[in-house]
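Here is the structure we will look at.
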Amino acid sequence: MDSFPILSILTYVPVLGAIAILLMARGESKLPKQIALAASLLSFVLSLIVLFRFKRDDTFQFTEHHVWLKDLGVSYFMGVDGISLLLVVLTTLITVIAIVWSWDTVKKREREYYVAMLLLETGMLGVFLSLDLFIFYIFWEVMLIPMALLIGIWGSQNRVYAAIKFFLYTLAGSLLMLVGIIAMYQAYYNQTGVRTLNILELQQGAALGAYSQNLQFWVFGAFFIAFAIKVPLFPFHTWLPDAHVESPTAGSVILAAIMLKMGGYGLLRFNLPLFPDGSASWAPIVIILSIIGIIYGALVALVQPDMKKLIAYSSVSHMGFVTLGIFVGNLQGLEGSMMVMLAHGFNTGALFMLIGVVYERGHTRLIDAFGGLASTMGKWAAFWLVFTFASIGLPGFSGFIGEFLVALGTYHYKPFAAFMTFTVVILSAWYMLYLTQRVVWGRAWGQAPDPADNDLLPEEKLELAALGSDHGHGHDDHGHTAHPAVSGGDHDHHAEDDGDGYPTHPGQINSSKWPDMTMKEMICIVPLAVLSLAVGVYPKPLFAIMEPALKAVLEGATRVIGS
Amino acid sequence: MDLTTNHFLFVSAALFVIGMMGVLTRRNILIIFMCVEMMVAAVGITLVAFSHETATINGQVFFLFALAVAAAESAVGLAIVVALSRQGRAPDVEEMQTLKN
Amino acid sequence: MADLLYLIPLLPLVAFVINILWGRSTIRGNAHWIAIPAAVGSWVLSIITFREIYTDHHAISQRLFTWIPAGDFNIVVSLYADQLTAVMLLVVTSIGMLVCIYSVGYMHGEDGYYRFYSYIPLFIFSMLMLVLADNLLTLFIFWEAVGLCSYLLIGYYFRRRSAGNAAKKAFIVNRVGDLAFGIGIMLTYWTFDSIYFHGEDGILEKAYHFADYGISEGTIMAIGILLFIGACGKSAQFPLHIWLPDAMEGPTPVSALIHAATMVTAGIYMSARSYTIFIGSENAMLFVAVIGSITAFMAASIALTQHDIKKVVAYSTVSQLGYMAFALGTGAWVAAIFHLMTHAFFKGLLFLGSGSVIHGMHGEQDMRKMGGLRKHMPITFWTFLIGSAANAGIFPLAGFWSKDEIIVGAWVSDSHYGKVAAIIGLCAAFLTALYMFRLVFLVFFGEERFDSHVHPHESGPWMAVPLVILAVASIFVGFVGFPPEDGAFHEFLHHAFEHVHGHEVSMTMTYTFGIVSTVVALSGVAVAYITYMRKAINTDELAERFSGIYNFLYNKWYVDEFFMAAVVNPMKDIANFLWKVVDVRIIDGTVNGVGTSIVAISARLRRVQTGSVANYALEIGVGMVVLLGVFLVAFGNLF
């Protein structure tokens with residue numbers, strides 16, 4: 001590969017942007033966000049260049065290797081393979097979208113906001129790209145702080161609690177990981193007399209038998225807990241709903257679309273290749289926890305009163321597929337995991353943005369506050385449906401492929417486990433469509449009910465009867481055309497008698513005058529919708545990129561598990 | 001009767017305990033300082049005694065360092081006392097509880 | 001034609017894309033001019049395909065692209081059309097085209113007209129892909145896709161909460177079946193190393209010779225039952241039929257196309273497509289036959305008591321689907337597909353006809369508020385009458401031939417259950433004639449029970465022409481199966497079921513059953529006539545006297561209530577428990593507990609910091625003594 005350090009450049013471009021923003025004078029200016037957008041776009045373009053120049057094999061490419069602290073075996077080692085490449089591109093894309101999203105929604109401390117955003121991007125890219133545990137750990141911690149700040153400063157009411165919870169959970173995990181790193185470093189030194197933190201060399205150590213069974217068990221545990229918290233795997237998931245709910249929209253998007261993937265990535269990159277024996281002994285535990293998480297997340301999502309919390313719990317359910325697929329010990333499972341990670345990035349990220357749209361109009365996330373948004377926000381409802389079905393794994397969207405492959409792999413592992421896993425097709429449809437039913441369908445608060453509705457509440461019937469005398473039941477020659485007062489949408493001439501005089505009950509927000517999605521919102525959502533659909537219909541290029549790398553991971557690990 | 005190392009150690013221990021009791025019981029900073037110096041001196045006696053016993057120079061060199069440090073320490077301490085008296089506050093340790101909590 | 005097979009589904013897909021992207025802004029009321037040509041085009045291409053398969057006797061296939069290349073699990077999307085597919089193509093495109101035309105009249109001026117004409121082509125596309133799929137997973141994709149279309153179309157009047165609820169229910173109940181279907185696909189893959197139907201390594205061959213591959217009969221049975229549970233969801237078999245009557249919240253043309261003629265038959269099609277799996281296991285067949293016959297009887301009995309015209313027709317659909325299922329279960333594969341086809345025409349006709357009635361009655365759906373419509377809407381009346389007679393199985397209309405064949409097929413089958421199924425089938429046939437003519441008499445005859453300001457009117461040509469076409473089809477389409485068991489239809493479809501070795505049915509038996517079913521059907525009509533025309537029997541009194549049975553039927557065998565009480569509510573309770581107790585109290589409680597206990601301990605511990613130097617010095621002294629003591633005790637031997 002040529003010596004042009006493209007990976008370092010794409011990683012540090014955001015941080016340079018952040019420095020540029022900090023050097024600027026304070027004051028009202030659009031410059032911070034323009035610089036942030038430019039930096040993240042540049043990073044995105046560079047990642048696309050990497051994507052298109054990537055050779056589809058199982059080697060690490062675009063590597064940069066510089067010895068740093070020679071005696072300690074620390075080096076600056078970056079490189080990309082099929083696993084990290086896709087996540088890097090996802091990261092740069094989502095960051096661009098998050099920055100565009102924040103354009104007019106963040107008004108407090110803009111400079112600092114964009115600095116945090118850019119630092120976060122550098123941290124996340126570094127985590128995916130570094131091949132030396134030393135710099136990996138540094139990036140891992142670098143990414144933690146800006147995220148905690150995003151939640152703690154730009155979040156909603158209960159933000160400090162959520163930020164601290166997020167911080168402590170993740171920190172606890174990463175400290176355990178640090179212990180694991182040191183133990184492994186020492187064990188490798190004892191075996192070979194070489195001090196190194198180079199991941200590729202440490203992987204050789206696994207083949208050399210540097211790590212005893214006992215050590216593998218414990219070090220696996222240390223790494224596993226760090227990543228399981230990040231995923232998050234049941235029962236380490238309780239920081240997630242709080243973090244999501246309190247975080248600003250762009251923060252939720254990044255959290256869901258990228259940060260959760262670090263757990264899955266870490267398990268794929270470290271746990272499986274480094275500790276084959278540890279993986280073998282932990283696999284049943286991980287699989288059981290994953291399946292519990294899948295069902296548990298889906299069930300708890302069912303009864304949430306808060307939209308963001310519902311999606312957060314659904315993330316727990318989806319991410320259970322990731323850990324499950326990694327540990328069932330076959331290629332279908334691994335590829336399924338990767339696909340779930342990518343699909344979850346698009347779909348859940350987009351769902352959080354769509355919730356952001358209504359949050360910014362109604363300033364609440366409570367499900368009961370909304371109703372019948374399809375009649376006022378047609379485009380929003382259309383996108384909502386697209387991502388709802390993508391998220392519940394409708395074939396043709398990205399979600400299905402991953403979940404099906406994981407379930408297929410799980411079936412090979414244990415049929416009953418696959419059955420339990422696949423029950424999520426019912427549960428996910430249930431919680432998402434139940435949410436859709438309450439928020440998107442039905443009567444919009446502030447509009448009169450449709451007399452043809454067979455499921456009207458008793459009080460609505462009374463109100464309708466009272467209203468009937470004023471408006472007169474204008475059945476046109478169809479009878480089932482909507483009440484004149486509720487027409488909107490296509491019949492613009494009806495818009496003036498849009499029934500905004502209709503009473504709303506406490507806890508309901510009158511949404512009858514809300515504008516549909518703005519240009520900015522469309523710019524953010526449409527790429528994700530296109531990607532979700534494209535990946536669902538033609539995922540072959542993605543498989544071509546990730547398959548060699550995953551095969552290599554599997555070969556290192558399957559000599560023990562799955563057999 | 002010969003003077004053995006043990007005699008020196010007894011004197012040192014007695015001095016140390018007296019000094020320590022002084023530090024613990026007295027409230028006036030100046031007296032506490034004196035007691036601290038007494039404890040340092042006690043330790044010094046021990047060092048010199050062992051130095052003589054083992055016929056090495058280390059203990060005596062060490063004590064010279066300790067004396068230097070003790071001098072610096074009392075300089076700082078007395079400066080604090082002077083600063084206090086300038087503010088018109090009594091050199092009473094019970095009054096000084098800013099470390100609390 | 002083999003190279004152009006892709007055009008059949010592509011045309012509706014293009015229509016969908018155009019209408020969904022530009023329908024709202026520019027096309028608006030002209031959306032049907034995009035959809036109808038596409039549907040007609042597909043129909044013409046389907047006829048060409050059919051002809052080619054009919055003359056050449058071989059299947060045609062076309063490879064499109066690799067979808068999932070996950071290691072050995074390599075899924076190629078390709079189209080495959082054999083005789084079975086050809087029949088389905090014709091059914092789907094014919095009904096789809098007629099519904100597109102009909103809806104121009106029916107949906108005229110509705111909100112979101114373009115949405116209707118986007119979803120319908122999307123549905124036609126998905127359904128065509130479903131029948132053209134050459135492997136289980138591609139079939140499953142479009143199985144789900146038609147479910148999506150069904151969801152969107154049931155929820156078409158999205159301002160009505162009831163429409164949304166019905167759509168949601170349909171999708172979720174279908175998903176219950178999909179769970180089994182999905183697991184069935186996985187089991188198929190790990191059993192046969194393939195999910196492709198055809199070819200040497202295809203599942204049909206392997207399942208037929210399963211013993212040669214070392215596959216146990218139990219596995220075959222499991223696959224069969226799992227696939228059929230999937231079919232139960234889509235084809236509304238007991239106990240997963242509950243979504244179909246609710247689905248009538250959608251516009252009536254949708255009910256005709258999706259919830260009567262095409263989508264609901266997908267389950268029957270899928271089971272027929274994977275027929276060797278069922279042949280391999282008697283128990284799986286028995287399962288199918290039992291479920292099918294229960295469904296046929298149950299739905300027919302419920303249809304007797306319903307007042308909503310669309311609900312009656314909906315339960316009738318469920319009942320007819322039950323017939324098809326028990327035909328599958330008793331090995332009468334061709335008869336099942338035959339009934340599927342004839343049913344598509346006459347049930348499509350019945351739905352479009354009831355749509356015409358509802359349209360003419362300004363949206364009224366309650367039969368108690370109709371009556372005497374014969375005079376006001378003659379075309380609707382005559383076509384509806386033909387459809388009802390066909391549904392009731394009256395000689396020589398389409399339904400007679402196919403239903404008769406199913407009953408004969410059940411009677412002569414190897415299965416012990418076959419004779420029971422045949423008898424249940426005959427009972428259900430009696431009920432079918434009864435409820436169908438109850439509907440006809442209540443709606444079209446008798447006194448006019450509607451309000452004086454309602455003026456029923458005949459529908460316009462957009463709606464009338466499809467009705468007439470379907471009525472003609474309902475009369476004649478049965479003759480492709482003549483003579484019974486040995487008609488052109490059987491000759492044609494035989495190639496798709498090459499491993500089926502049919503039973504010889506004697507002429508005597510054919511005639512006997514022909515006469516028996518005609519008598520049964522006519523007696524049903526007679527009872528309906530006596531009850532609803534002559535009013536010789538007071539139905540209210542009857543309902544009063546047998547109120548237990550009546551309520552049981554009227555409340556649809558309480559299946560919905562059962563599911564609410566046994567599944568939905570407990571699940572919600574569990575979910576609440578998990579959230580409020582496990583999540584908040586136990587997990588978060590533990591985490592927060594660690595935090596608060598550290599705070600509590602620190603609060604005690606900080607008292608040590610008195611701020612008094614003397615105290616600190618004392619602590620140092622005591623600490624030193626303690627440490628010294630510990631050292632002396634622990635390392636005493638060193639001194």
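Residues in the structure tokens are numbered from 1 in each chain, the chains being A, B, ... in the order shown, and ligands are numbered from 1 in the order shown.
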
**Report entry** DSSP helix (DSSP H, G or I) selection over region 213-268 of chain C, as a ChimeraX atom specification
**Finding:** /C:213,217-234,240-249,252-261,263-268

Query raised in the report: What's the 10 Å shell around region 384-386 of chain A, counting only C-alpha atoms, without same-chain residues fewer than 5 positions away, as a PyMOL selection string?
Result: (chain A and resi 347+350-351+353-355+374+378-379+391+394+397+432-433+436+440+529+532-533) or (chain C and resi 152)

Emit the selected residues as a tab-separated table (two decimals), in the first residue's frame, including N, CA and C atoms.
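What follows is the written file part.tsv:
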```tsv
chain	number	residue	atom	x	y	z
A	347	ASN	N	-31.25	2.17	10.91
A	347	ASN	CA	-32.66	2.22	11.26
A	347	ASN	C	-32.90	2.92	12.57
A	350	ALA	N	-32.11	6.57	12.39
A	350	ALA	CA	-33.17	7.32	11.72
A	350	ALA	C	-34.39	7.46	12.62
A	351	LEU	N	-34.72	6.40	13.35
A	351	LEU	CA	-35.90	6.50	14.23
A	351	LEU	C	-35.68	7.58	15.28
A	353	MET	N	-33.92	10.23	14.94
A	353	MET	CA	-34.08	11.53	14.29
A	353	MET	C	-35.56	11.84	14.09
A	354	LEU	N	-36.32	10.82	13.71
A	354	LEU	CA	-37.75	11.07	13.50
A	354	LEU	C	-38.43	11.46	14.80
A	355	ILE	N	-38.00	10.82	15.89
A	355	ILE	CA	-38.55	11.24	17.19
A	355	ILE	C	-38.11	12.66	17.47
A	374	ALA	N	-50.09	11.08	11.06
A	374	ALA	CA	-50.13	10.86	9.61
A	374	ALA	C	-50.98	11.90	8.93
A	378	GLY	N	-47.48	14.15	6.65
A	378	GLY	CA	-47.49	13.00	5.76
A	378	GLY	C	-46.12	12.42	5.48
A	379	LYS	N	-45.16	13.29	5.17
A	379	LYS	CA	-43.82	12.80	4.84
A	379	LYS	C	-43.21	12.13	6.06
A	391	SER	N	-36.96	-1.65	10.88
A	391	SER	CA	-36.52	-2.06	12.21
A	391	SER	C	-37.13	-3.38	12.65
A	394	LEU	N	-38.44	-6.33	8.19
A	394	LEU	CA	-39.16	-6.69	6.98
A	394	LEU	C	-38.14	-6.95	5.88
A	397	PHE	N	-35.54	-4.61	3.58
A	397	PHE	CA	-34.80	-3.61	4.32
A	397	PHE	C	-33.63	-4.29	4.99
A	432	MET	N	-43.40	-2.14	17.84
A	432	MET	CA	-43.27	-1.03	16.90
A	432	MET	C	-44.63	-0.63	16.32
A	433	LEU	N	-45.44	-1.62	15.98
A	433	LEU	CA	-46.73	-1.26	15.38
A	433	LEU	C	-47.68	-0.69	16.42
A	436	THR	N	-46.65	2.77	16.52
A	436	THR	CA	-47.12	3.44	15.31
A	436	THR	C	-48.62	3.71	15.38
A	440	VAL	N	-48.97	7.46	15.00
A	440	VAL	CA	-49.10	7.84	13.59
A	440	VAL	C	-50.53	7.71	13.09
A	529	ALA	N	-32.65	6.27	4.58
A	529	ALA	CA	-33.71	5.43	4.01
A	529	ALA	C	-33.20	4.73	2.77
A	532	SER	N	-30.76	2.01	3.81
A	532	SER	CA	-31.41	0.88	4.46
A	532	SER	C	-32.05	-0.02	3.40
A	533	LEU	N	-32.67	0.61	2.44
A	533	LEU	CA	-33.32	-0.15	1.38
A	533	LEU	C	-32.28	-0.82	0.48
C	152	LEU	N	-50.62	-1.81	4.97
C	152	LEU	CA	-50.83	-0.44	4.48
C	152	LEU	C	-52.24	-0.25	3.96
```

So that each row is one residue of chain C with an atom at most 10 Å from chain B, can you give its shortest atom pair and the distance in Å to one decimal, using only C-alpha atoms, rows by chain and rising number, as JSON lines?
```
{"residue": "C:Ala603", "atom": "CA", "partner": "B:Asn101", "partner_atom": "CA", "distance": 9.7}
{"residue": "C:Leu605", "atom": "CA", "partner": "B:Asn101", "partner_atom": "CA", "distance": 9.7}
{"residue": "C:Arg606", "atom": "CA", "partner": "B:Asn101", "partner_atom": "CA", "distance": 5.9}
{"residue": "C:Arg607", "atom": "CA", "partner": "B:Asn101", "partner_atom": "CA", "distance": 7.0}
{"residue": "C:Val608", "atom": "CA", "partner": "B:Asn101", "partner_atom": "CA", "distance": 8.2}
{"residue": "C:Gln609", "atom": "CA", "partner": "B:Lys100", "partner_atom": "CA", "distance": 5.1}
{"residue": "C:Thr610", "atom": "CA", "partner": "B:Lys100", "partner_atom": "CA", "distance": 4.8}
{"residue": "C:Gly611", "atom": "CA", "partner": "B:Lys100", "partner_atom": "CA", "distance": 3.8}
{"residue": "C:Ser612", "atom": "CA", "partner": "B:Gln97", "partner_atom": "CA", "distance": 5.5}
{"residue": "C:Val613", "atom": "CA", "partner": "B:Val93", "partner_atom": "CA", "distance": 6.6}
{"residue": "C:Ala614", "atom": "CA", "partner": "B:Leu24", "partner_atom": "CA", "distance": 5.0}
{"residue": "C:Asn615", "atom": "CA", "partner": "B:Leu24", "partner_atom": "CA", "distance": 7.3}
{"residue": "C:Tyr616", "atom": "CA", "partner": "B:Leu24", "partner_atom": "CA", "distance": 9.0}
{"residue": "C:Ala617", "atom": "CA", "partner": "B:Leu24", "partner_atom": "CA", "distance": 6.6}
{"residue": "C:Leu618", "atom": "CA", "partner": "B:Leu24", "partner_atom": "CA", "distance": 6.2}
{"residue": "C:Glu619", "atom": "CA", "partner": "B:Leu24", "partner_atom": "CA", "distance": 9.9}
{"residue": "C:Gly621", "atom": "CA", "partner": "B:Met20", "partner_atom": "CA", "distance": 8.1}
```

Query raised in the report: In Å to one decimal, how far is CA of Met262 (chain A) from CA of Pro248 (chain A)?
Result: 20.2 Å

Query raised in the report: Of the candidates A:Ser130, A:Leu46, A:Ser317, A:Lys107, which shows the shortest atom-to-atom distance to Ser29 (chain A), using only C-alpha atoms?
Result: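 Using only C-alpha atoms, Ser29 (chain A) sits closest to A:Lys107.
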
Report task. Tell me, as number ranges by chain, which residues lie within 10 Å of region 153-165 of chain A, counting only C-alpha atoms; anything in the same chain fewer than 3 positions away does not count. Result -> A: 106-110, 112-113, 145, 147-150, 168-171, 238-249, 251-252; C: 591-592

Please identify all polymer residues within 10 Å of region 76-83 of chain B, counting only C-alpha atoms, omitting same-chain residues fewer than 5 positions from it, and present them as a PDB file with C-alpha atoms, in the first residue's frame.
```
ATOM      1  CA  ILE B  29       1.838  25.610  68.084  1.00  0.00           C
ATOM      2  CA  LEU B  30       5.191  26.755  69.400  1.00  0.00           C
ATOM      3  CA  PHE B  33       7.055  22.596  67.267  1.00  0.00           C
ATOM      4  CA  ALA B  70      13.950  19.780  60.352  1.00  0.00           C
ATOM      5  CA  ALA B  71      15.422  23.261  60.145  1.00  0.00           C
ATOM      6  CA  GLY B  88      -4.204  38.546  65.388  1.00  0.00           C
ATOM      7  CA  ARG B  89      -5.113  34.938  65.889  1.00  0.00           C
ATOM      8  CA  ALA B  90      -3.831  32.820  68.725  1.00  0.00           C
ATOM      9  CA  PRO B  91      -1.341  30.082  67.882  1.00  0.00           C
ATOM     10  CA  ASP B  92      -3.846  27.512  69.071  1.00  0.00           C
TER      11      ASP B  92
END
```

Query raised in the report: Near Met78 (chain A), counting only C-alpha atoms, which residues have an atom at most 8 Å away, once you skip same-chain residues fewer than 4 positions from it, shown as a PyMOL selection string?
Result: chain A and resi 7-8+62-65+129-132

With C-alpha atoms retained, export the selected residues as a PDB file, in the first residue's frame.
```pdb
ATOM      1  CA  LEU A   7      -6.266   6.556   7.976  1.00  0.00           C
ATOM      2  CA  SER A   8      -4.476   8.922  10.321  1.00  0.00           C
ATOM      3  CA  PHE A  62      -3.644   1.128   4.514  1.00  0.00           C
ATOM      4  CA  THR A  63      -1.536   0.204   7.531  1.00  0.00           C
ATOM      5  CA  GLU A  64       0.665   2.737   9.289  1.00  0.00           C
ATOM      6  CA  HIS A  65       3.178   1.395  11.726  1.00  0.00           C
ATOM      7  CA  LEU A 129      -8.798   1.845  13.214  1.00  0.00           C
ATOM      8  CA  SER A 130      -6.152   1.266  15.857  1.00  0.00           C
ATOM      9  CA  LEU A 131      -4.359  -2.061  15.859  1.00  0.00           C
ATOM     10  CA  ASP A 132      -2.324  -1.447  18.963  1.00  0.00           C
TER      11      ASP A 132
END
```

Report summary line: As a check of understanding: the span from CA of Thr317 (chain C) to CA of Tyr106 (chain C) is 21.5 Å
